[in-house]
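Below: one structure, written as structure tokens.
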Amino acid sequence: TYNNEKAKNKIIIHGHTPISLTRIYKQLEEKTTKCINLDAGCVYADNPGFGNLVAFNLDSGKLYVQENIDF
């Protein structure tokens with residue numbers, strides 16, 4: 001849970017909890033989002049919506065997606 005007092009109103013970018021690529025795009029569309037999860041579950045290539053490695057350009061706001069090609 002985002003804590004504005006601790007985060008001092010800054011945006012937190014994190015991973016560790018896989019979410020679908022669709023949810024990542026939705027987070028980035030919401031301009032009021034203060035907590036962005038970029039874990040697209042790269043190791044879960046056999047699950048729909050997962051299996052992607054993502055990077056986020058802080059300057060441009062662009063999301064880069066690379067599908068897992070090991071499977």
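Going through the structure tokens in order, the chains are called A, B, and so on, while each chain numbers its residues from 1 and the ligands are numbered from 1 in the order shown.
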
Practice problem: Mind listing the helix (DSSP H, G or I) residues of chain A, per DSSP on the backbone, as a list in words? | Solution: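 Everything in chain A that counts as helix (DSSP H, G or I) is Asn4, Glu5, Lys6, Ala7, Leu21, Thr22, Arg23, Ile24, Tyr25, Lys26, Gln27, Leu28 and Glu29 of chain A.
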
Practice problem: Within 12 Å of stretch 3-9 of chain A, counting only C-alpha atoms, which residues show up once you throw out same-chain ones fewer than 6 positions away? Write them as a PyMOL selection string, please. | Solution: chain A and resi 32-35

Could the residues in this selection be written to a file with all heavy atoms, as a PDB file, in the first residue's frame?
ATOM      1  N   THR A  32      -2.671   9.528 -12.072  1.00  0.00           N
ATOM      2  CA  THR A  32      -2.591   9.733 -10.624  1.00  0.00           C
ATOM      3  C   THR A  32      -1.893   8.576  -9.913  1.00  0.00           C
ATOM      4  O   THR A  32      -1.736   8.606  -8.702  1.00  0.00           O
ATOM      5  CB  THR A  32      -4.004   9.907 -10.029  1.00  0.00           C
ATOM      6  OG1 THR A  32      -4.777   8.744 -10.328  1.00  0.00           O
ATOM      7  CG2 THR A  32      -4.685  11.142 -10.584  1.00  0.00           C
ATOM      8  N   THR A  33      -1.462   7.565 -10.665  1.00  0.00           N
ATOM      9  CA  THR A  33      -0.806   6.405 -10.069  1.00  0.00           C
ATOM     10  C   THR A  33       0.496   6.809  -9.389  1.00  0.00           C
ATOM     11  O   THR A  33       1.320   7.496  -9.968  1.00  0.00           O
ATOM     12  CB  THR A  33      -0.512   5.342 -11.145  1.00  0.00           C
ATOM     13  OG1 THR A  33      -1.743   4.920 -11.713  1.00  0.00           O
ATOM     14  CG2 THR A  33       0.199   4.152 -10.560  1.00  0.00           C
ATOM     15  N   LYS A  34       0.671   6.401  -8.162  1.00  0.00           N
ATOM     16  CA  LYS A  34       1.882   6.705  -7.401  1.00  0.00           C
ATOM     17  C   LYS A  34       2.758   5.477  -7.188  1.00  0.00           C
ATOM     18  O   LYS A  34       3.856   5.577  -6.682  1.00  0.00           O
ATOM     19  CB  LYS A  34       1.514   7.296  -6.032  1.00  0.00           C
ATOM     20  CG  LYS A  34       0.881   8.656  -6.118  1.00  0.00           C
ATOM     21  CD  LYS A  34       1.904   9.672  -6.546  1.00  0.00           C
ATOM     22  CE  LYS A  34       1.349  11.061  -6.479  1.00  0.00           C
ATOM     23  NZ  LYS A  34       2.329  12.053  -6.854  1.00  0.00           N
ATOM     24  N   CYS A  35       2.257   4.299  -7.566  1.00  0.00           N
ATOM     25  CA  CYS A  35       2.987   3.058  -7.366  1.00  0.00           C
ATOM     26  C   CYS A  35       2.860   2.222  -8.638  1.00  0.00           C
ATOM     27  O   CYS A  35       1.762   1.797  -8.994  1.00  0.00           O
ATOM     28  CB  CYS A  35       2.381   2.333  -6.170  1.00  0.00           C
ATOM     29  SG  CYS A  35       3.432   1.046  -5.505  1.00  0.00           S
TER      30      CYS A  35
END

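Excluding stretch 45-48 of chain A and any residue on its chain fewer than 5 positions from it, the residues at most 9 Å away by only C-alpha atoms are Ser20, Glu67, Asn68, Ile69, Asp70 and Phe71 of chain A.
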
Write a file of the just-selected residues containing N, CA and C atoms, as a JSON list (two decimals), in the first residue's frame.
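Dumped to part-v8.json:
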[["chain", "number", "residue", "atom", "x", "y", "z"],
["A", 20, "SER", "N", -0.17, -8.89, -15.05],
["A", 20, "SER", "CA", -0.28, -9.01, -16.50],
["A", 20, "SER", "C", 0.18, -7.72, -17.19],
["A", 67, "GLU", "N", 9.12, -9.98, -25.33],
["A", 67, "GLU", "CA", 8.53, -11.28, -25.03],
["A", 67, "GLU", "C", 9.64, -12.28, -24.69],
["A", 68, "ASN", "N", 9.36, -13.16, -23.76],
["A", 68, "ASN", "CA", 10.30, -14.21, -23.40],
["A", 68, "ASN", "C", 10.47, -15.13, -24.60],
["A", 69, "ILE", "N", 11.69, -15.27, -25.09],
["A", 69, "ILE", "CA", 11.94, -16.09, -26.28],
["A", 69, "ILE", "C", 12.58, -17.44, -25.94],
["A", 70, "ASP", "N", 12.70, -17.75, -24.66],
["A", 70, "ASP", "CA", 13.31, -19.01, -24.24],
["A", 70, "ASP", "C", 12.36, -20.19, -24.29],
["A", 71, "PHE", "N", 11.07, -19.94, -24.44],
["A", 71, "PHE", "CA", 10.09, -21.04, -24.41],
["A", 71, "PHE", "C", 9.62, -21.37, -25.80]]

Self-check item: Distance in Å - atom CA of A:Phe50 versus atom CA of A:Lys31
Solution: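 Taking atom CA of A:Phe50 as the start and atom CA of A:Lys31 as the end point, the length is 23.5 Å.
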
Quiz item: Between atom CA of A:Lys62 and atom CA of A:Tyr44, what is the distance, to one decimal in Å?
Solution: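 So the answer is 23.1 Å.
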